[in-house]
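Student: If it helps, the file is called my_file_21.txt and holds compact mmCIF, C-alpha atoms:
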```txt
# COMPACT_ATOMS: atom_id res chain seq x y z
CA MET A 257 -20.19 -15.14 0.23
CA PRO A 258 -21.26 -11.47 0.28
CA THR A 259 -19.12 -9.13 2.35
CA LYS A 260 -20.24 -5.73 3.62
CA ILE A 261 -16.85 -4.23 4.58
CA CYS A 262 -14.14 -3.99 1.92
CA VAL A 263 -10.72 -2.83 3.09
CA PHE A 264 -7.74 -2.07 0.88
CA ASP A 265 -4.04 -1.70 1.40
CA ALA A 266 -2.89 1.56 -0.18
CA TYR A 267 0.62 1.47 -1.64
CA GLY A 268 0.93 -0.98 -4.50
CA THR A 269 -2.76 -1.91 -4.20
CA LEU A 270 -4.64 1.33 -4.89
CA PHE A 271 -1.65 3.54 -5.68
CA ASP A 272 1.16 2.70 -8.12
CA VAL A 273 4.39 2.85 -6.07
CA ASN A 274 6.47 2.89 -9.25
CA ALA A 275 4.77 6.01 -10.59
CA ALA A 276 7.12 8.47 -8.87
CA ALA A 277 10.36 7.10 -10.32
CA ARG A 278 8.76 6.39 -13.70
CA GLY A 279 7.32 9.90 -13.86
CA ALA A 280 10.59 11.57 -12.86
CA ALA A 281 12.48 9.63 -15.54
CA ARG A 282 10.23 11.17 -18.20
CA GLU A 283 10.68 14.77 -17.07
CA PRO A 284 13.15 17.26 -18.59
CA GLY A 285 16.27 17.69 -16.49
CA MET A 286 15.93 14.28 -14.82
CA GLY A 287 18.17 12.33 -17.17
CA ALA A 288 20.21 11.02 -14.25
CA ILE A 289 17.47 8.52 -13.44
CA SER A 290 16.28 7.76 -16.96
CA ASN A 291 18.20 4.47 -17.23
CA SER A 292 17.88 3.35 -13.63
CA TRP A 293 14.36 4.33 -12.56
CA GLU A 294 13.13 0.74 -12.41
CA SER A 295 16.01 -0.27 -10.16
CA VAL A 296 15.49 2.79 -7.95
CA ALA A 297 11.74 2.14 -7.69
CA ARG A 298 12.21 -1.54 -6.81
CA GLN A 299 14.90 -0.93 -4.20
CA TRP A 300 13.06 2.05 -2.76
CA ARG A 301 9.99 -0.14 -2.15
CA THR A 302 12.00 -3.07 -0.80
CA LYS A 303 13.86 -0.94 1.74
CA GLN A 304 10.65 0.85 2.70
CA LEU A 305 9.09 -2.47 3.71
CA GLN A 306 12.24 -3.81 5.35
CA TYR A 307 12.64 -0.69 7.47
CA SER A 308 9.00 -0.88 8.60
CA TRP A 309 9.32 -4.53 9.64
CA ILE A 310 12.61 -3.99 11.48
CA ARG A 311 11.33 -0.94 13.34
CA THR A 312 8.23 -2.85 14.46
CA ILE A 313 10.33 -5.78 15.70
CA LEU A 314 12.67 -3.42 17.56
CA GLY A 315 9.84 -1.30 18.97
CA GLU A 316 11.39 1.80 17.36
CA HIS A 317 8.41 3.21 15.49
CA GLU A 318 8.81 6.12 13.10
CA ASP A 319 6.22 7.56 10.76
CA PHE A 320 6.12 6.13 7.25
CA TRP A 321 7.16 9.37 5.59
CA LYS A 322 10.55 9.27 7.33
CA ILE A 323 10.92 5.62 6.37
CA THR A 324 10.03 6.56 2.80
CA ARG A 325 12.73 9.25 2.76
CA ASP A 326 15.34 6.99 4.35
CA SER A 327 14.66 4.14 1.95
CA LEU A 328 14.86 6.49 -1.03
CA ASP A 329 18.24 7.74 0.17
CA TRP A 330 19.50 4.16 0.28
CA ALA A 331 18.15 3.37 -3.19
CA LEU A 332 19.64 6.52 -4.72
CA GLU A 333 23.05 5.88 -3.17
CA ASN A 334 22.98 2.26 -4.28
CA ASN A 335 22.33 3.40 -7.84
CA GLY A 336 25.06 6.02 -7.88
CA LEU A 337 22.64 8.90 -7.44
CA GLY A 338 23.34 9.84 -3.84
CA GLY A 339 23.70 13.56 -3.22
CA ASN A 340 21.42 14.55 -6.11
CA SER A 341 19.13 16.73 -4.01
CA LYS A 342 17.09 17.97 -6.99
CA LEU A 343 16.23 14.42 -8.00
CA ARG A 344 15.52 13.39 -4.42
CA ASP A 345 13.16 16.32 -3.84
CA ARG A 346 11.32 15.63 -7.09
CA LEU A 347 10.87 11.93 -6.33
CA LEU A 348 9.47 12.70 -2.90
CA ALA A 349 7.09 15.30 -4.31
CA LEU A 350 5.81 12.81 -6.87
CA TYR A 351 5.42 10.13 -4.20
CA ARG A 352 3.03 12.37 -2.29
CA GLU A 353 0.69 12.31 -5.30
CA LEU A 354 1.05 8.76 -6.61
CA ALA A 355 -1.31 7.82 -9.40
CA ALA A 356 -4.06 5.34 -8.62
CA PHE A 357 -4.27 2.25 -10.80
CA PRO A 358 -6.77 2.78 -13.66
CA GLU A 359 -9.45 0.44 -12.30
CA VAL A 360 -9.55 1.92 -8.78
CA PRO A 361 -12.29 4.59 -9.17
CA ASN A 362 -14.66 2.23 -10.94
CA VAL A 363 -14.10 -0.60 -8.46
CA LEU A 364 -14.70 1.64 -5.45
CA SER A 365 -17.78 3.16 -7.12
CA ARG A 366 -19.27 -0.29 -7.77
CA LEU A 367 -18.70 -1.31 -4.17
CA ARG A 368 -20.31 1.84 -2.82
CA GLU A 369 -23.27 1.54 -5.20
CA SER A 370 -23.85 -1.97 -3.84
CA GLY A 371 -23.95 -0.69 -0.27
CA LYS A 372 -20.48 -1.82 0.73
CA THR A 373 -18.36 0.02 3.27
CA THR A 374 -14.95 0.89 1.82
CA ALA A 375 -11.76 1.77 3.66
CA ILE A 376 -7.98 1.95 3.43
CA LEU A 377 -5.75 0.23 6.01
CA SER A 378 -2.18 1.33 5.43
CA ASN A 379 1.31 1.78 6.84
CA GLY A 380 1.19 5.31 5.47
CA SER A 381 1.01 8.33 7.73
CA PRO A 382 -2.28 10.28 7.74
CA GLU A 383 -0.72 13.16 5.81
CA MET A 384 0.65 10.83 3.12
CA LEU A 385 -2.60 8.94 2.74
CA ASN A 386 -4.85 11.99 2.70
CA GLY A 387 -2.67 13.60 0.05
CA ALA A 388 -2.68 10.51 -2.16
CA VAL A 389 -6.43 10.03 -1.77
CA ARG A 390 -7.14 13.65 -2.69
CA ALA A 391 -4.74 13.58 -5.64
CA ALA A 392 -6.44 10.45 -6.99
CA GLY A 393 -9.90 11.98 -6.46
CA ILE A 394 -11.19 8.94 -4.56
CA ASP A 395 -11.94 10.55 -1.18
CA PRO A 396 -15.74 10.53 -1.82
CA LEU A 397 -15.53 6.77 -2.43
CA LEU A 398 -14.03 5.87 0.96
CA ASP A 399 -15.71 5.62 4.35
CA ALA A 400 -12.43 5.64 6.29
CA VAL A 401 -8.68 5.95 5.85
CA LEU A 402 -6.95 4.05 8.66
CA SER A 403 -3.27 4.73 9.35
CA VAL A 404 -1.00 2.63 11.55
CA GLU A 405 0.12 5.82 13.29
CA SER A 406 -2.74 5.34 15.75
CA VAL A 407 -1.19 2.07 17.01
CA GLY A 408 2.53 2.77 16.53
CA ALA A 409 3.34 -0.44 14.63
CA PHE A 410 3.45 -1.54 11.02
CA LYS A 411 1.86 -4.47 9.23
CA PRO A 412 1.71 -7.37 9.77
CA HIS A 413 1.45 -6.60 13.51
CA LYS A 414 -1.90 -7.79 14.86
CA SER A 415 -2.69 -4.37 16.30
CA VAL A 416 -2.90 -2.97 12.77
CA TYR A 417 -5.57 -5.43 11.65
CA ASP A 418 -7.40 -4.86 14.95
CA MET A 419 -8.06 -1.29 13.82
CA VAL A 420 -10.71 -2.44 11.34
CA GLY A 421 -12.83 -4.17 13.99
CA ARG A 422 -12.64 -1.17 16.31
CA LYS A 423 -13.60 1.25 13.56
CA PHE A 424 -16.54 -0.69 12.15
CA ASP A 425 -17.57 -2.79 15.18
CA CYS A 426 -17.17 -6.02 13.24
CA GLY A 427 -15.40 -9.34 13.42
CA PRO A 428 -12.56 -10.41 11.11
CA GLU A 429 -14.94 -12.72 9.27
CA ASP A 430 -16.97 -9.67 8.18
CA VAL A 431 -14.06 -8.12 6.27
CA LEU A 432 -12.83 -8.57 2.72
CA PHE A 433 -9.23 -7.34 2.63
CA ALA A 434 -7.24 -6.75 -0.56
CA SER A 435 -3.49 -6.19 -0.79
CA SER A 436 -0.88 -6.34 -3.54
CA ASN A 437 1.64 -7.61 -0.98
CA GLY A 438 1.57 -11.39 -0.71
CA TRP A 439 2.86 -11.31 2.87
CA ASP A 440 0.13 -8.80 3.83
CA ALA A 441 -2.65 -10.90 2.29
CA ALA A 442 -1.29 -14.05 3.97
CA SER A 443 -1.07 -12.28 7.33
CA ALA A 444 -4.59 -10.89 6.95
CA SER A 445 -5.85 -14.40 6.16
CA HIS A 446 -4.12 -15.68 9.30
CA TYR A 447 -5.82 -12.90 11.26
CA GLY A 448 -9.21 -14.03 10.01
CA PHE A 449 -9.99 -11.61 7.20
CA ARG A 450 -11.19 -12.93 3.85
CA ALA A 451 -7.96 -11.93 2.16
CA VAL A 452 -7.37 -11.34 -1.53
CA TRP A 453 -3.86 -11.04 -2.94
CA VAL A 454 -3.75 -8.64 -5.89
CA ASN A 455 -0.81 -10.30 -7.61
CA ARG A 456 -0.16 -7.77 -10.35
CA LEU A 457 3.28 -9.20 -11.19
CA GLY A 458 2.37 -12.88 -11.29
CA GLU A 459 4.73 -13.76 -8.45
CA PRO A 460 4.87 -17.17 -6.70
CA VAL A 461 2.87 -17.65 -3.51
CA ASP A 462 4.98 -17.04 -0.40
CA ALA A 463 5.84 -20.05 1.76
CA LEU A 464 4.07 -18.77 4.87
CA PRO A 465 1.83 -20.49 7.48
CA ARG A 466 -1.32 -19.17 5.78
CA LYS A 467 -2.19 -18.41 2.17
CA PRO A 468 -4.46 -15.70 0.73
CA ASN A 469 -8.05 -16.83 0.30
CA ARG A 470 -8.09 -15.61 -3.30
CA ILE A 471 -5.52 -14.46 -5.84
CA VAL A 472 -6.37 -11.99 -8.63
CA SER A 473 -4.29 -10.06 -11.15
CA ASP A 474 -5.91 -6.67 -10.48
CA LEU A 475 -8.81 -5.15 -8.57
CA GLU A 476 -11.48 -5.70 -11.24
CA GLU A 477 -12.76 -8.91 -9.59
CA ILE A 478 -13.16 -7.40 -6.11
CA PRO A 479 -16.82 -6.34 -6.52
CA LEU A 480 -17.73 -9.86 -7.67
CA ILE A 481 -15.80 -11.46 -4.79
CA ALA A 482 -17.53 -9.06 -2.38
CA GLY A 483 -20.93 -10.17 -3.65
CA CYS A 484 -21.95 -7.04 -5.54
CA SER A 485 -25.06 -7.48 -7.67
```
Let's see the structure in the file written out as structure tokens.
Tutor:
Amino acid sequence: MPTKICVFDAYGTLFDVNAAARGAAREPGMGAISNSWESVARQWRTKQLQYSWIRTILGEHEDFWKITRDSLDWALENNGLGGNSKLRDRLLALYRELAAFPEVPNVLSRLRESGKTTAILSNGSPEMLNGAVRAAGIDPLLDAVLSVESVGAFKPHKSVYDMVGRKFDCGPEDVLFASSNGWDAASASHYGFRAVWVNRLGEPVDALPRKPNRIVSDLEEIPLIAGCS
């Protein structure tokens, strides 16, 4: 079924969240993280999500950049790297300019060429998202970048998904939503979006009340799913 509005999660979906730690590990003078970057990247991401969920449940919202810093501090300390301010500063600088996955520009271009509306819906703060979009050179390929900061809650709170309908004056059934987070895709499906889980790691499907409508290994299939000619 053709879909006019295509909305993407940002971190892990369009932008590679492991790129900061992986990039730092390859740089001169960053040997401290060379053997543990994968562990740091994984724990950094896990804590980032956990902190966002807990803050939403508690009603103690904080912007995603602070959560990103706090979760990095935890990951560094847990890997014996706490107190390494040079490494911390470099990781945060790299996170502000995360690389997009290789297929992203072409996928967004194909959607736009077929007359689709494209947007980001993300936990990221506006400053974080705008910086990442500019660094990846994909700003001309997006009609909107929607940040949860306008509602003061993180995914999967219903108010976040509501933002798409308000922005584009559409119903949930009009939206194709893609996320690399299984819980996000499942929640979006429950909300009423046509949700695609971009399961890059081949993980099992989460045991949640709703399942994603489609599962793909990367974004290459999105134009076809959206009904592009």
Student: Report, in Å to a single decimal, how far apart CA of Asp440 (chain A) and CA of Glu369 (chain A) are.
Tutor: 27.1 Å
Student: Please report as JSON lines every residue of region 367-388 of chain A lying within 10 Å of region 308-332 of chain A, along with the nearest atom pair and their distance in Å (one decimal), using only C-alpha atoms.
Tutor:
```
{"residue": "A:Ser378", "atom": "CA", "partner": "A:Phe320", "partner_atom": "CA", "distance": 9.8}
{"residue": "A:Asn379", "atom": "CA", "partner": "A:Phe320", "partner_atom": "CA", "distance": 6.5}
{"residue": "A:Gly380", "atom": "CA", "partner": "A:Phe320", "partner_atom": "CA", "distance": 5.3}
{"residue": "A:Ser381", "atom": "CA", "partner": "A:Phe320", "partner_atom": "CA", "distance": 5.6}
{"residue": "A:Pro382", "atom": "CA", "partner": "A:Phe320", "partner_atom": "CA", "distance": 9.4}
{"residue": "A:Glu383", "atom": "CA", "partner": "A:Trp321", "partner_atom": "CA", "distance": 8.7}
{"residue": "A:Met384", "atom": "CA", "partner": "A:Trp321", "partner_atom": "CA", "distance": 7.1}
```
Student: Work out where the centre of an axis-aligned box around every listed atom of region 436-445 of chain A lies and how long its edges are once 4 Å is added on each side; give both in Å to one decimal as JSON.
Tutor:
```
{"center_x": -1.5, "center_y": -10.4, "center_z": 1.9, "size_x": 16.7, "size_y": 16.1, "size_z": 18.9}
```
Student: Could you check which residues have any atom within 9 Å of (5.6, -10.4, 2.8), counting all atoms listed in the file with coordinates taken straight from the file, and then list them as a PyMOL selection string?
Tutor: chain A and resi 305+412+437-443+462+464
Student: In Å, with one decimal, what is the gap from CA of Tyr351 (chain A) to CA of Thr373 (chain A)?
Tutor: 26.9 Å
Student: Under the rule that all atoms listed in the file are counted, which of A:Glu476, A:Tyr447, A:Gly393, A:Leu398 is the nearest residue to His413 (chain A)?
Tutor: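 The answer is A:Tyr447, which sits nearest to His413 (chain A).
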Student: Work out how far CA of Thr374 (chain A) is from CA of Leu475 (chain A), in Å to one decimal.
Tutor: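 Between CA of Leu475 (chain A) and CA of Thr374 (chain A) the gap is 13.5 Å.
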Student: Applying 8 Å and all atoms listed in the file, which residues near region 431-435 of chain A remain after dropping the ones on its own chain fewer than 4 positions away? List them as a VMD selection string.
Tutor: chain A and resid 259 to 266 268 to 269 426 to 427 440 to 441 444 449 to 454 482
Student: Can you tell me, as a ChimeraX atom specification, what residues are no more than 10 Å from Ser485 (chain A) when counting only C-alpha atoms, ignoring any on the same chain fewer than 6 positions away?
Tutor: /A:258,366-367,369-370,479
Student: Go ahead and dump the residues you just picked, C-alpha atoms, as a short mmCIF file (atom, residue, chain, number, x, y, z; two decimals), in the coordinates of the input.
Tutor:
```cif
data_model
loop_
_atom_site.label_atom_id
_atom_site.label_comp_id
_atom_site.auth_asym_id
_atom_site.auth_seq_id
_atom_site.Cartn_x
_atom_site.Cartn_y
_atom_site.Cartn_z
CA PRO A 258 -21.26 -11.47 0.28
CA ARG A 366 -19.27 -0.29 -7.77
CA LEU A 367 -18.70 -1.31 -4.17
CA GLU A 369 -23.27 1.54 -5.20
CA SER A 370 -23.85 -1.97 -3.84
CA PRO A 479 -16.82 -6.34 -6.52
#
```
Student: Give me, as a list in words, all polymer residues having an atom no more than 10 Å from Ser292 (chain A), counting all atoms listed in the file and skipping those fewer than 4 positions away in the same chain.
Tutor: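 Near Ser292 (chain A), the qualifying residues are Ala277, Arg278, Ala281, Gly287, Ala288, Val296, Ala297, Leu332, Asn335, Gly336 and Leu337 of chain A.
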Student: Write the residues you've just listed into a file as a PDB file, in the frame of the given file, and include C-alpha atoms for each of them.
Tutor:
```pdb
ATOM      1  CA  ALA A 277      10.360   7.100 -10.320  1.00  0.00           C
ATOM      2  CA  ARG A 278       8.760   6.390 -13.700  1.00  0.00           C
ATOM      3  CA  ALA A 281      12.480   9.630 -15.540  1.00  0.00           C
ATOM      4  CA  GLY A 287      18.170  12.330 -17.170  1.00  0.00           C
ATOM      5  CA  ALA A 288      20.210  11.020 -14.250  1.00  0.00           C
ATOM      6  CA  VAL A 296      15.490   2.790  -7.950  1.00  0.00           C
ATOM      7  CA  ALA A 297      11.740   2.140  -7.690  1.00  0.00           C
ATOM      8  CA  LEU A 332      19.640   6.520  -4.720  1.00  0.00           C
ATOM      9  CA  ASN A 335      22.330   3.400  -7.840  1.00  0.00           C
ATOM     10  CA  GLY A 336      25.060   6.020  -7.880  1.00  0.00           C
ATOM     11  CA  LEU A 337      22.640   8.900  -7.440  1.00  0.00           C
TER      12      LEU A 337
END
```
Student: Using all atoms listed in the file, which protein or nucleic acid residues come within 10 Å of Arg352 (chain A)? Drop anything in the same chain fewer than 5 positions from it, and give the result as a PyMOL selection string.
Tutor: chain A and resi 276+321+347+383-389+391
Student: Let me make sure I understand: among A:Leu270, A:Asp418, A:Pro396, A:Ser445, which one has the smallest atom-to-atom distance to Lys467 (chain A) if we use only C-alpha atoms?
Tutor: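 Closest to Lys467 (chain A) of all the choices is A:Ser445.
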Student: Find the residues around Gly448 (chain A) up to 6 Å (all atoms listed in the file counted), leave out those fewer than 2 positions away in its own chain, and share them as a ChimeraX atom specification.
Tutor: /A:428-429,445-446
Student: Could you check which of A:Ile394, A:Lys414, A:Asp425, A:Glu333 is closest to Ala356 (chain A), using all atoms listed in the file?
Tutor: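 Ranked by minimum distance to Ala356 (chain A), first place goes to A:Ile394.
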